[in-house]
$ cat structure09.cif   # mmCIF, C-alpha atoms and all ligand atoms
data_my_file
#
loop_
_atom_site.label_atom_id
_atom_site.label_comp_id
_atom_site.auth_asym_id
_atom_site.auth_seq_id
_atom_site.Cartn_x
_atom_site.Cartn_y
_atom_site.Cartn_z
CA MET A 1 0.00 0.00 0.00
CA GLU A 2 1.27 3.46 -0.92
CA THR A 3 0.59 6.32 1.44
CA ILE A 4 0.56 10.09 1.15
CA THR A 5 3.33 11.39 3.39
CA SER A 6 3.26 15.17 2.92
CA ILE A 7 2.01 18.10 0.88
CA GLU A 8 4.70 20.45 -0.45
CA LEU A 9 3.62 24.03 -1.17
CA VAL A 10 5.39 26.60 -3.33
CA ASP A 11 4.47 30.25 -3.86
CA LEU A 12 5.72 30.66 -7.41
CA ARG A 13 5.75 34.09 -9.06
CA PHE A 14 7.17 35.46 -12.30
CA PRO A 15 7.86 39.19 -12.90
CA THR A 16 5.79 39.34 -16.10
CA SER A 17 4.59 42.88 -15.32
CA GLU A 18 8.06 44.16 -16.25
CA SER A 19 7.35 43.56 -19.95
CA SER A 20 3.58 44.29 -19.91
CA ASP A 21 2.90 40.64 -20.79
CA GLY A 22 -0.65 39.98 -19.71
CA SER A 23 -1.67 43.64 -19.58
CA ASP A 24 -5.30 44.48 -20.26
CA ALA A 25 -7.90 47.11 -19.42
CA VAL A 26 -8.20 46.03 -15.78
CA ASN A 27 -5.06 44.03 -14.99
CA LYS A 28 -2.18 46.34 -15.75
CA ASP A 29 0.64 44.78 -13.75
CA ALA A 30 0.10 41.03 -13.68
CA ASP A 31 2.94 38.95 -12.23
CA TYR A 32 1.88 35.50 -13.38
CA SER A 33 1.88 33.20 -10.37
CA ALA A 34 0.97 29.69 -9.33
CA ALA A 35 -0.11 28.53 -5.90
CA TYR A 36 1.56 25.17 -6.43
CA LEU A 37 1.36 21.93 -4.50
CA ARG A 38 2.91 18.52 -4.74
CA ILE A 39 1.27 15.51 -3.13
CA VAL A 40 4.19 13.42 -1.90
CA THR A 41 3.91 9.66 -1.31
CA ASP A 42 6.19 7.02 0.21
CA ASN A 43 6.96 5.91 -3.34
CA ASP A 44 9.44 8.48 -4.76
CA ALA A 45 8.30 7.75 -8.30
CA LEU A 46 4.66 8.54 -7.53
CA TYR A 47 3.43 12.05 -6.79
CA GLY A 48 0.81 14.52 -7.97
CA CYS A 49 1.28 18.18 -8.90
CA GLY A 50 -1.35 20.85 -9.17
CA PHE A 51 -1.85 24.57 -8.91
CA THR A 52 -4.22 27.44 -9.23
CA PHE A 53 -3.32 30.60 -11.09
CA THR A 54 -3.13 34.14 -9.68
CA ILE A 55 -1.49 37.36 -10.83
CA GLY A 56 0.76 38.01 -7.85
CA ARG A 57 -0.22 39.26 -4.41
CA GLY A 58 -2.75 36.89 -2.90
CA ASN A 59 -0.93 33.83 -4.16
CA ASP A 60 0.13 33.29 -0.54
CA ILE A 61 -3.51 33.51 0.59
CA CYS A 62 -4.42 30.78 -1.93
CA LEU A 63 -1.62 28.61 -0.55
CA GLU A 64 -3.00 28.99 2.98
CA ALA A 65 -6.32 27.68 1.69
CA VAL A 66 -4.61 24.88 -0.26
CA ASP A 67 -2.88 23.84 2.95
CA ALA A 68 -6.15 23.93 4.91
CA LEU A 69 -7.78 21.63 2.35
CA ALA A 70 -4.98 19.29 1.30
CA SER A 71 -3.39 18.52 4.64
CA ARG A 72 -6.29 16.20 5.47
CA PHE A 73 -4.99 13.77 2.82
CA ILE A 74 -1.69 13.16 4.64
CA GLY A 75 -1.59 9.54 5.82
CA ARG A 76 -4.23 8.43 3.30
CA ASP A 77 -3.99 5.45 1.00
CA VAL A 78 -3.01 6.62 -2.50
CA ALA A 79 -5.13 3.97 -4.21
CA SER A 80 -8.37 4.99 -2.53
CA LEU A 81 -7.77 8.68 -3.32
CA CYS A 82 -7.02 7.92 -6.97
CA ASP A 83 -9.80 5.38 -7.43
CA GLU A 84 -12.43 7.71 -5.96
CA PRO A 85 -11.63 11.28 -7.00
CA GLY A 86 -15.31 12.13 -6.52
CA GLU A 87 -15.04 11.17 -2.85
CA ALA A 88 -11.98 13.38 -2.42
CA TYR A 89 -13.79 16.30 -4.05
CA ARG A 90 -16.91 15.83 -1.95
CA GLU A 91 -14.86 15.67 1.21
CA LEU A 92 -13.22 19.02 0.40
CA ALA A 93 -16.57 20.55 -0.56
CA ALA A 94 -18.21 19.29 2.63
CA ASP A 95 -15.90 21.10 5.03
CA SER A 96 -18.64 23.42 6.22
CA GLN A 97 -16.35 25.87 8.04
CA LEU A 98 -14.33 26.45 4.87
CA ARG A 99 -17.47 26.27 2.72
CA TRP A 100 -18.71 29.31 4.62
CA LEU A 101 -15.96 31.35 2.96
CA GLY A 102 -17.57 30.69 -0.45
CA PRO A 103 -19.54 28.64 -1.09
CA ASP A 104 -18.02 27.49 -4.37
CA LYS A 105 -16.27 30.78 -5.06
CA GLY A 106 -13.28 32.85 -4.03
CA VAL A 107 -10.01 31.73 -2.54
CA VAL A 108 -11.27 28.46 -1.08
CA HIS A 109 -12.67 27.44 -4.45
CA LEU A 110 -9.41 28.33 -6.23
CA ALA A 111 -7.66 26.19 -3.64
CA ARG A 112 -10.05 23.31 -4.27
CA ALA A 113 -9.16 23.60 -7.96
CA ALA A 114 -5.46 23.40 -7.11
CA VAL A 115 -5.84 20.40 -4.82
CA MET A 116 -8.10 18.45 -7.19
CA ASN A 117 -5.79 19.26 -10.12
CA ALA A 118 -3.04 17.57 -8.09
CA VAL A 119 -5.28 14.59 -7.22
CA TRP A 120 -6.12 14.05 -10.91
CA ASP A 121 -2.45 14.41 -11.83
CA LEU A 122 -1.61 11.76 -9.23
CA ALA A 123 -4.37 9.46 -10.51
CA ALA A 124 -3.19 9.78 -14.11
CA ARG A 125 0.46 9.20 -13.19
CA ARG A 126 -0.52 6.15 -11.18
CA ALA A 127 -2.43 4.82 -14.20
CA GLY A 128 0.55 5.62 -16.46
CA LEU A 129 -1.69 7.68 -18.77
CA PRO A 130 -2.02 11.31 -19.79
CA LEU A 131 -5.07 12.68 -17.99
CA TRP A 132 -7.12 13.17 -21.16
CA GLN A 133 -6.74 9.47 -21.91
CA LEU A 134 -7.54 8.35 -18.35
CA ILE A 135 -10.79 10.36 -18.50
CA CYS A 136 -11.75 9.16 -21.97
CA GLU A 137 -11.20 5.54 -20.92
CA MET A 138 -13.16 5.78 -17.67
CA ASP A 139 -16.46 4.00 -17.57
CA PRO A 140 -19.17 6.70 -18.00
CA GLU A 141 -20.86 5.72 -14.68
CA ALA A 142 -17.59 6.00 -12.77
CA LEU A 143 -16.77 9.31 -14.43
CA VAL A 144 -20.19 10.76 -13.66
CA ASP A 145 -19.88 9.57 -10.07
CA SER A 146 -16.81 11.80 -9.76
CA LEU A 147 -18.65 14.90 -11.04
CA ASP A 148 -20.25 17.67 -9.02
CA LEU A 149 -23.79 17.85 -10.41
CA SER A 150 -25.22 19.58 -7.34
CA TYR A 151 -27.63 22.45 -8.10
CA LEU A 152 -27.76 21.42 -11.79
CA SER A 153 -30.52 18.81 -11.89
CA GLU A 154 -33.11 20.92 -13.75
CA VAL A 155 -30.59 21.12 -16.59
CA LEU A 156 -28.40 18.02 -16.20
CA THR A 157 -29.06 14.81 -14.27
CA ALA A 158 -26.58 12.02 -13.61
CA ASP A 159 -28.50 9.65 -15.89
CA GLU A 160 -28.45 12.17 -18.68
CA ALA A 161 -24.72 12.78 -18.20
CA VAL A 162 -24.04 9.03 -18.41
CA ALA A 163 -26.17 8.76 -21.56
CA MET A 164 -24.40 11.71 -23.19
CA LEU A 165 -20.95 10.28 -22.47
CA ARG A 166 -21.97 6.79 -23.55
CA GLU A 167 -23.35 8.08 -26.84
CA GLN A 168 -19.94 9.49 -27.78
CA ARG A 169 -18.03 6.28 -27.05
CA SER A 170 -18.30 4.71 -30.49
CA TRP A 171 -16.32 7.54 -32.11
CA ARG A 172 -13.55 7.64 -29.53
CA ASP A 173 -10.75 5.93 -31.45
CA GLU A 174 -11.59 7.77 -34.66
CA ARG A 175 -11.45 11.13 -32.87
CA ILE A 176 -8.18 10.33 -31.15
CA ALA A 177 -6.67 9.46 -34.54
CA GLU A 178 -7.98 12.74 -35.94
CA LEU A 179 -6.47 14.73 -33.07
CA ARG A 180 -3.15 12.95 -33.56
CA GLU A 181 -3.24 14.09 -37.16
CA CYS A 182 -4.57 17.65 -36.90
CA GLY A 183 -4.56 18.69 -33.23
CA PHE A 184 -7.15 21.00 -31.70
CA PRO A 185 -7.29 24.55 -33.10
CA CYS A 186 -6.07 27.40 -30.93
CA TYR A 187 -5.74 31.16 -31.15
CA THR A 188 -3.14 33.52 -29.85
CA THR A 189 -3.50 36.42 -27.45
CA SER A 190 0.24 37.05 -27.39
CA ALA A 191 0.03 39.75 -30.06
CA GLY A 192 -2.54 41.98 -28.49
CA TRP A 193 -1.72 42.89 -24.88
CA LEU A 194 -2.83 46.41 -24.12
CA GLY A 195 0.60 47.60 -23.00
CA TYR A 196 2.30 46.76 -26.31
CA SER A 197 3.27 49.47 -28.80
CA ASP A 198 1.65 49.69 -32.25
CA GLU A 199 4.90 48.48 -33.83
CA LYS A 200 5.06 45.45 -31.56
CA LEU A 201 1.37 44.70 -32.20
CA GLU A 202 1.91 44.81 -35.96
CA ARG A 203 5.02 42.62 -35.81
CA LEU A 204 3.37 40.05 -33.54
CA CYS A 205 0.24 39.86 -35.72
CA ARG A 206 2.45 39.19 -38.73
CA GLU A 207 4.38 36.51 -36.87
CA ALA A 208 1.14 34.88 -35.68
CA MET A 209 -0.04 34.58 -39.28
CA GLN A 210 3.28 33.01 -40.26
CA GLN A 211 2.91 30.53 -37.39
CA GLY A 212 -0.41 29.32 -38.82
CA TYR A 213 -2.96 31.04 -36.55
CA ARG A 214 -6.33 31.85 -38.08
CA HIS A 215 -7.78 33.53 -34.98
CA ILE A 216 -6.25 36.52 -33.21
CA LYS A 217 -7.44 38.30 -30.09
CA LEU A 218 -6.77 41.85 -28.97
CA LYS A 219 -7.29 43.52 -25.63
CA VAL A 220 -9.61 46.55 -25.76
CA GLY A 221 -11.25 48.90 -23.28
CA ALA A 222 -8.61 51.60 -22.95
CA ASN A 223 -9.62 54.78 -24.77
CA PRO A 224 -11.86 54.38 -27.83
CA ASP A 225 -9.37 55.95 -30.26
CA ASP A 226 -6.68 53.47 -29.23
CA ASP A 227 -9.06 50.53 -29.65
CA GLU A 228 -10.07 51.76 -33.11
CA ARG A 229 -6.47 52.29 -34.23
CA ARG A 230 -5.15 49.00 -32.84
CA LEU A 231 -7.94 46.96 -34.43
CA GLY A 232 -7.28 48.74 -37.72
CA ILE A 233 -3.61 47.75 -37.54
CA ALA A 234 -4.45 44.14 -36.70
CA ARG A 235 -7.06 43.80 -39.45
CA SER A 236 -4.72 45.29 -42.07
CA VAL A 237 -2.05 42.72 -41.18
CA ILE A 238 -4.22 39.61 -40.80
CA GLY A 239 -6.45 40.26 -43.82
CA PRO A 240 -10.18 39.70 -44.16
CA ASP A 241 -10.31 35.94 -43.61
CA THR A 242 -8.70 35.61 -40.18
CA SER A 243 -11.08 35.75 -37.21
CA LEU A 244 -10.56 38.71 -34.92
CA MET A 245 -11.77 38.72 -31.32
CA ILE A 246 -11.67 41.41 -28.64
CA ASP A 247 -11.42 41.14 -24.86
CA ALA A 248 -12.47 43.94 -22.51
CA ASN A 249 -11.64 42.15 -19.23
CA GLN A 250 -14.79 43.39 -17.44
CA ILE A 251 -14.08 47.12 -17.85
CA TRP A 252 -17.52 48.32 -18.99
CA ASP A 253 -21.03 48.74 -17.64
CA VAL A 254 -23.72 47.10 -19.76
CA PRO A 255 -24.90 50.07 -21.91
CA GLU A 256 -21.31 51.24 -22.44
CA ALA A 257 -20.32 47.75 -23.55
CA ILE A 258 -23.05 47.67 -26.18
CA ASP A 259 -22.11 51.12 -27.52
CA ARG A 260 -18.38 50.49 -27.57
CA VAL A 261 -18.64 47.10 -29.27
CA ARG A 262 -21.05 48.42 -31.89
CA GLU A 263 -18.61 51.22 -32.70
CA LEU A 264 -15.92 48.60 -33.37
CA ALA A 265 -18.18 46.21 -35.29
CA HIS A 266 -16.93 47.39 -38.71
CA HIS A 267 -13.69 45.49 -38.00
CA ARG A 268 -15.79 42.30 -38.28
CA LEU A 269 -15.37 40.73 -34.86
CA LEU A 270 -16.10 37.13 -33.92
CA TRP A 271 -16.62 37.83 -30.23
CA ILE A 272 -16.49 40.33 -27.41
CA GLU A 273 -14.98 38.69 -24.36
CA GLU A 274 -15.77 39.65 -20.77
CA PRO A 275 -17.55 42.89 -21.65
CA THR A 276 -18.74 43.46 -18.08
CA SER A 277 -18.89 41.98 -14.57
CA PRO A 278 -18.40 38.21 -14.84
CA ASP A 279 -21.31 37.61 -12.43
CA ASP A 280 -23.88 39.63 -14.37
CA VAL A 281 -25.87 36.98 -16.23
CA LEU A 282 -28.68 39.28 -17.37
CA GLY A 283 -26.17 41.99 -18.29
CA HIS A 284 -24.45 39.53 -20.62
CA ARG A 285 -27.82 38.70 -22.13
CA ALA A 286 -28.51 42.40 -22.76
CA ILE A 287 -25.08 42.82 -24.35
CA ALA A 288 -25.66 39.73 -26.50
CA ASP A 289 -28.96 41.19 -27.68
CA GLY A 290 -27.16 44.43 -28.52
CA VAL A 291 -24.23 42.97 -30.47
CA ARG A 292 -25.57 39.77 -32.07
CA PRO A 293 -27.28 41.77 -34.85
CA GLU A 294 -23.75 42.93 -35.81
CA GLY A 295 -22.68 39.29 -36.12
CA ILE A 296 -20.70 39.44 -32.86
CA GLY A 297 -21.03 36.82 -30.12
CA VAL A 298 -20.48 37.14 -26.38
CA ALA A 299 -17.67 35.12 -24.79
CA THR A 300 -17.21 34.80 -21.06
CA GLY A 301 -16.28 32.42 -18.27
CA GLU A 302 -12.63 32.84 -17.31
CA HIS A 303 -13.84 34.45 -14.09
CA GLY A 304 -16.92 32.20 -13.95
CA MET A 305 -16.83 31.19 -10.31
CA ASN A 306 -18.63 27.85 -10.55
CA ARG A 307 -20.88 25.50 -12.57
CA VAL A 308 -24.05 27.26 -11.36
CA LEU A 309 -23.04 30.52 -13.02
CA PHE A 310 -22.42 28.66 -16.28
CA LYS A 311 -25.81 27.01 -15.94
CA GLN A 312 -27.47 30.42 -15.68
CA LEU A 313 -25.49 31.91 -18.57
CA LEU A 314 -26.70 29.03 -20.73
CA GLN A 315 -30.28 29.10 -19.46
CA ALA A 316 -30.50 32.84 -20.13
CA ASP A 317 -28.93 32.52 -23.61
CA ALA A 318 -26.37 35.07 -22.42
CA VAL A 319 -23.23 33.47 -23.84
CA ASP A 320 -22.14 32.32 -27.32
CA PHE A 321 -18.65 31.01 -26.46
CA VAL A 322 -18.17 29.21 -23.12
CA GLN A 323 -14.75 30.01 -21.66
CA ILE A 324 -14.01 27.57 -18.86
CA ASP A 325 -10.91 28.11 -16.75
CA SER A 326 -8.88 25.11 -15.60
CA CYS A 327 -7.87 26.69 -12.29
CA ARG A 328 -11.03 28.59 -11.32
CA LEU A 329 -13.56 25.80 -11.75
CA ALA A 330 -12.73 23.05 -9.26
CA SER A 331 -10.89 20.75 -11.66
CA ILE A 332 -12.30 17.88 -13.75
CA ASN A 333 -15.09 17.30 -11.21
CA GLU A 334 -16.68 20.66 -11.99
CA ILE A 335 -15.40 21.26 -15.52
CA ILE A 336 -16.96 18.21 -17.18
CA PRO A 337 -20.47 19.17 -15.97
CA VAL A 338 -19.97 22.55 -17.69
CA LEU A 339 -18.78 20.84 -20.89
CA LEU A 340 -21.90 18.64 -20.80
CA MET A 341 -24.25 21.59 -20.23
CA ALA A 342 -22.61 23.57 -23.04
CA ARG A 343 -23.09 20.64 -25.38
CA LYS A 344 -26.71 20.36 -24.37
CA TYR A 345 -27.29 24.02 -25.20
CA GLY A 346 -25.27 23.75 -28.41
CA LYS A 347 -22.66 26.31 -27.36
CA PRO A 348 -18.99 25.84 -28.22
CA VAL A 349 -16.48 25.62 -25.37
CA CYS A 350 -13.43 27.80 -26.06
CA PRO A 351 -11.29 27.50 -22.91
CA HIS A 352 -9.43 30.41 -21.36
CA ALA A 353 -5.69 29.85 -21.08
CA GLY A 354 -2.40 31.69 -20.77
CA GLY A 355 -1.03 32.79 -17.43
CA VAL A 356 1.31 30.17 -16.09
CA GLY A 357 0.35 26.59 -16.82
CA LEU A 358 -3.23 27.19 -17.95
CA CYS A 359 -2.34 26.12 -21.48
CA GLU A 360 -0.78 22.90 -20.17
CA LEU A 361 -4.05 21.96 -18.43
CA VAL A 362 -6.36 23.21 -21.18
CA ASN A 363 -4.43 21.05 -23.60
CA HIS A 364 -5.99 18.03 -21.86
CA LEU A 365 -9.44 19.62 -21.46
CA VAL A 366 -9.99 20.39 -25.14
CA MET A 367 -9.11 16.80 -26.01
CA ILE A 368 -11.58 15.50 -23.41
CA ASP A 369 -14.27 17.84 -24.75
CA TYR A 370 -13.79 16.71 -28.33
CA ILE A 371 -13.28 12.98 -27.72
CA ALA A 372 -15.76 12.31 -24.91
CA VAL A 373 -18.32 15.14 -24.80
CA SER A 374 -18.96 17.37 -27.78
CA GLY A 375 -17.53 15.53 -30.78
CA GLN A 376 -17.14 18.86 -32.54
CA VAL A 377 -14.21 21.02 -33.46
CA GLU A 378 -16.22 23.36 -35.65
CA GLY A 379 -16.62 26.77 -34.00
CA ARG A 380 -14.24 25.77 -31.23
CA VAL A 381 -10.88 27.33 -30.63
CA ALA A 382 -8.85 27.32 -27.43
CA GLU A 383 -6.67 30.15 -26.19
CA PHE A 384 -2.90 29.83 -26.35
CA VAL A 385 -0.39 32.28 -24.98
CA ASP A 386 3.26 31.60 -25.61
CA HIS A 387 4.69 32.44 -22.17
CA LEU A 388 6.44 30.46 -19.44
CA HIS A 389 6.07 26.99 -20.96
CA GLU A 390 9.80 26.39 -20.51
CA HIS A 391 9.22 25.95 -16.77
CA PHE A 392 7.11 22.82 -17.26
CA VAL A 393 8.42 19.27 -17.31
CA ASP A 394 5.82 18.32 -19.94
CA PRO A 395 4.94 21.58 -21.72
CA CYS A 396 2.09 21.80 -24.20
CA VAL A 397 3.10 21.56 -27.83
CA VAL A 398 1.36 23.80 -30.36
CA LYS A 399 1.91 23.07 -34.05
CA ASP A 400 0.47 25.01 -36.99
CA GLY A 401 -2.01 26.81 -34.76
CA ALA A 402 -3.25 23.66 -32.98
CA TYR A 403 -2.71 21.98 -29.60
CA THR A 404 -1.26 18.48 -29.99
CA LEU A 405 -2.18 15.45 -27.86
CA PRO A 406 -0.20 15.26 -24.59
CA LYS A 407 1.73 12.00 -24.31
CA ALA A 408 3.28 11.87 -20.83
CA PRO A 409 1.42 10.41 -17.84
CA GLY A 410 -0.34 13.00 -15.67
CA TYR A 411 -2.00 16.39 -16.12
CA SER A 412 1.15 18.17 -17.42
CA ALA A 413 1.12 20.23 -14.22
CA GLU A 414 4.64 19.56 -12.94
CA ILE A 415 7.02 22.51 -12.79
CA LYS A 416 10.77 21.93 -13.09
CA ALA A 417 12.71 21.84 -9.82
CA GLU A 418 15.13 24.53 -11.02
CA SER A 419 12.22 26.87 -11.85
CA LEU A 420 10.78 26.35 -8.37
CA ASP A 421 14.18 27.20 -6.87
CA ALA A 422 14.58 30.28 -9.01
CA TRP A 423 11.10 31.81 -8.85
CA SER A 424 9.65 30.82 -5.47
CA TRP A 425 8.51 33.93 -3.64
CA PRO A 426 10.10 35.74 -1.86
CA ASP A 427 13.41 33.88 -1.46
CA GLY A 428 13.98 32.12 -4.78
CA THR A 429 17.36 32.81 -6.34
CA GLU A 430 15.98 35.06 -9.09
CA TRP A 431 13.85 37.14 -6.69
CA THR A 432 16.83 37.46 -4.33
CA ARG A 433 19.03 38.73 -7.18
CA ARG A 434 16.37 41.29 -8.07
CA ARG A 435 16.12 42.50 -4.51
CA HIS A 436 19.87 42.93 -4.41
CA GLY A 437 19.76 45.07 -7.53
CA GLU A 438 21.61 42.58 -9.67
CA ILE A 439 18.94 42.91 -12.35
CA ALA A 440 17.80 46.30 -13.59
MG MG A 501 -9.85 37.11 -21.37
#
$ encode --input "structure09.cif" --output "structure tokens" --more "lines below"
Ligand SMILES: [Mg+2]
Amino acid sequence: METITSIELVDLRFPTSESSDGSDAVNKDADYSAAYLRIVTDNDALYGCGFTFTIGRGNDICLEAVDALASRFIGRDVASLCDEPGEAYRELAADSQLRWLGPDKGVVHLARAAVMNAVWDLAARRAGLPLWQLICEMDPEALVDSLDLSYLSEVLTADEAVAMLREQRSWRDERIAELRECGFPCYTTSAGWLGYSDEKLERLCREAMQQGYRHIKLKVGANPDDDERRLGIARSVIGPDTSLMIDANQIWDVPEAIDRVRELAHHRLLWIEEPTSPDDVLGHRAIADGVRPEGIGVATGEHGMNRVLFKQLLQADAVDFVQIDSCRLASINEIIPVLLMARKYGKPVCPHAGGVGLCELVNHLVMIDYIAVSGQVEGRVAEFVDHLHEHFVDPCVVKDGAYTLPKAPGYSAEIKAESLDAWSWPDGTEWTRRRHGEIA
């Protein structure tokens, strides 16, 4: 019997704000960070890594919550944790004193995402499979038993979820072969951060086209003249046939969002992302009503706190592109229910990624969505941001504008030991050098 012996925690931060990477209308100085944990067992070869993503300060608060949740697993049998990930999830969710801090939202929920990401990584490593494959090979009943379907039954029951997953089974091998051949399409946000100069924007758009991307996203929501000029530059470089999306990162009120997006509609936009408060379901519906006549859809979800919010967005027909986040929803247990609901409502899932490690996790999620849930690539495109992948032991591989199938066992969540040494906050070697003025 293998036993969990400890939980290692690392506050990992990167100084991305120095180069305006990640800058948008609301988040101007993001230092991409991971509240990172490693589930350690008495077998050195078997461990599980996971994290949630933050943009700097507060990463330590997430780690406190991770510790409060994960420490209960010390001394547990690895096999029972891995064989029953639904039980582990329910145990974390049932801690009523910590639940009070949410429920199902905020720091404790981010921490649950981190811990369950590590549990799924451990389970996949133990099975010797990449996580996408472990999930796609699970018996539908067992998979559904691991899901959190609470508060969803008027839209999705367990029986229905089993039937939906079972229905897709016969195409599994065909779809895997197709993904091996073509990958899953992605788009780049790397060109369009708000803090980049016009010259840099133009150069990066050109490079993105050369790299095979056919979707490009720009940050908007600064002053209207800048948005107009920047979109003009992007459109002139990418030509008429490449899809162009915009992302306002929650900066507007509802009427302002409608006006501003309509003013930009002549650039032919596929979607407006996060036009307003992420919690405002009816506001998103009003914005959708205002911009759909211009051929523009509403995308949201990266700050979607839980499955219930996604349920309401779908029920209210307030979203056209469902943007799940791998570190904000509480891992596979909560993400698959959202994938199933999106399929039921016929809405494409276009996951949010970027930051540190989000692309590595999303790489598995898009494969699961296509192989086991939706069976569609059409209209779907996942975010890719080309930052910080070098710190991962098993980084995602993007080829010709598409995510490729991960091959290594696990959830691709492990960060290299030397990166942890260098960038752990506040005493990692790189942060220490900065503090001592060795780096300008
Ligand atoms: Mg966004």
$ residues_near_ligand --input "structure09.cif" --ligand "ligand MG 501 (chain A)" --cutoff "9 Å" --atoms "all atoms listed in the file" --output "ChimeraX atom specification"
/A:24,189,219,246-250,273-274,299-303,323,352-353
$ closest_residue --input "structure09.cif" --among "A:Ser170, A:Ala316, A:His215, A:Met138" --to "Pro185 of chain A" --atoms "only C-alpha atoms"
A:His215
$ atom_distance --input "structure09.cif" --atom1 "atom CA of Lys399 of chain A" --atom2 "atom CA of Asp369 of chain A"
19.4 Å
$ closest_residue --input "structure09.cif" --among "A:Ala70, A:Val10, A:Leu231, A:Val298" --to "Glu91 of chain A" --atoms "all atoms listed in the file"
A:Ala70
$ atom_distance --input "structure09.cif" --atom1 "atom CA of Leu129 of chain A" --atom2 "atom CA of Tyr89 of chain A"
20.9 Å
$ residues_around --input "structure09.cif" --residues "Ala113 of chain A" --least-positions-apart "2" --cutoff "7 Å" --atoms "only C-alpha atoms" --output "ChimeraX atom specification"
/A:52,109-111,115-117,327-331
$ write_last_selection --input "structure09.cif" --atoms "C-alpha atoms" --output "compact mmCIF listing (two decimals), keeping the file's coordinate frame"
# COMPACT_ATOMS: atom_id res chain seq x y z
CA THR A 52 -4.22 27.44 -9.23
CA HIS A 109 -12.67 27.44 -4.45
CA LEU A 110 -9.41 28.33 -6.23
CA ALA A 111 -7.66 26.19 -3.64
CA VAL A 115 -5.84 20.40 -4.82
CA MET A 116 -8.10 18.45 -7.19
CA ASN A 117 -5.79 19.26 -10.12
CA CYS A 327 -7.87 26.69 -12.29
CA ARG A 328 -11.03 28.59 -11.32
CA LEU A 329 -13.56 25.80 -11.75
CA ALA A 330 -12.73 23.05 -9.26
CA SER A 331 -10.89 20.75 -11.66
$ atom_distance --input "structure09.cif" --atom1 "atom CA of Ile287 of chain A" --atom2 "atom CA of Val254 of chain A"
6.4 Å
$ axis_aligned_box --input "structure09.cif" --around "segment 159-177 of chain A" --padding-each-side "5 Å" --output "lines of an AutoDock Vina configuration file"
center_x = -17.6
center_y = 8.7
center_z = -25.3
size_x = 31.8
size_y = 18.1
size_z = 28.8
$ decode --input "structure09.cif" --residues "segment 354-367 of chain A" --atoms "N, CA and C atoms" --output "compact mmCIF listing (two decimals), in the first residue's frame"
# COMPACT_ATOMS: atom_id res chain seq x y z
N GLY A 354 -3.43 30.65 -20.90
CA GLY A 354 -2.40 31.69 -20.77
C GLY A 354 -1.81 31.60 -19.39
N GLY A 355 -1.57 32.76 -18.78
CA GLY A 355 -1.03 32.79 -17.43
C GLY A 355 0.20 31.90 -17.31
N VAL A 356 0.26 31.19 -16.20
CA VAL A 356 1.31 30.17 -16.09
C VAL A 356 0.62 28.82 -15.93
N GLY A 357 0.83 27.96 -16.92
CA GLY A 357 0.35 26.59 -16.82
C GLY A 357 -1.08 26.35 -17.28
N LEU A 358 -1.84 27.42 -17.54
CA LEU A 358 -3.23 27.19 -17.95
C LEU A 358 -3.28 26.46 -19.29
N CYS A 359 -2.35 26.79 -20.18
CA CYS A 359 -2.34 26.12 -21.48
C CYS A 359 -2.03 24.63 -21.32
N GLU A 360 -1.14 24.31 -20.37
CA GLU A 360 -0.78 22.90 -20.17
C GLU A 360 -2.03 22.10 -19.76
N LEU A 361 -2.86 22.68 -18.89
CA LEU A 361 -4.05 21.96 -18.43
C LEU A 361 -5.13 21.94 -19.51
N VAL A 362 -5.33 23.10 -20.13
CA VAL A 362 -6.36 23.21 -21.18
C VAL A 362 -6.08 22.24 -22.33
N ASN A 363 -4.82 21.99 -22.56
CA ASN A 363 -4.43 21.05 -23.60
C ASN A 363 -5.13 19.69 -23.39
N HIS A 364 -5.26 19.27 -22.15
CA HIS A 364 -5.99 18.03 -21.86
C HIS A 364 -7.51 18.25 -21.99
N LEU A 365 -7.98 19.40 -21.52
CA LEU A 365 -9.44 19.62 -21.46
C LEU A 365 -10.07 19.69 -22.84
N VAL A 366 -9.39 20.31 -23.80
CA VAL A 366 -9.99 20.39 -25.14
C VAL A 366 -10.07 19.00 -25.78
N MET A 367 -9.08 18.16 -25.46
CA MET A 367 -9.11 16.80 -26.01
C MET A 367 -10.28 16.01 -25.39
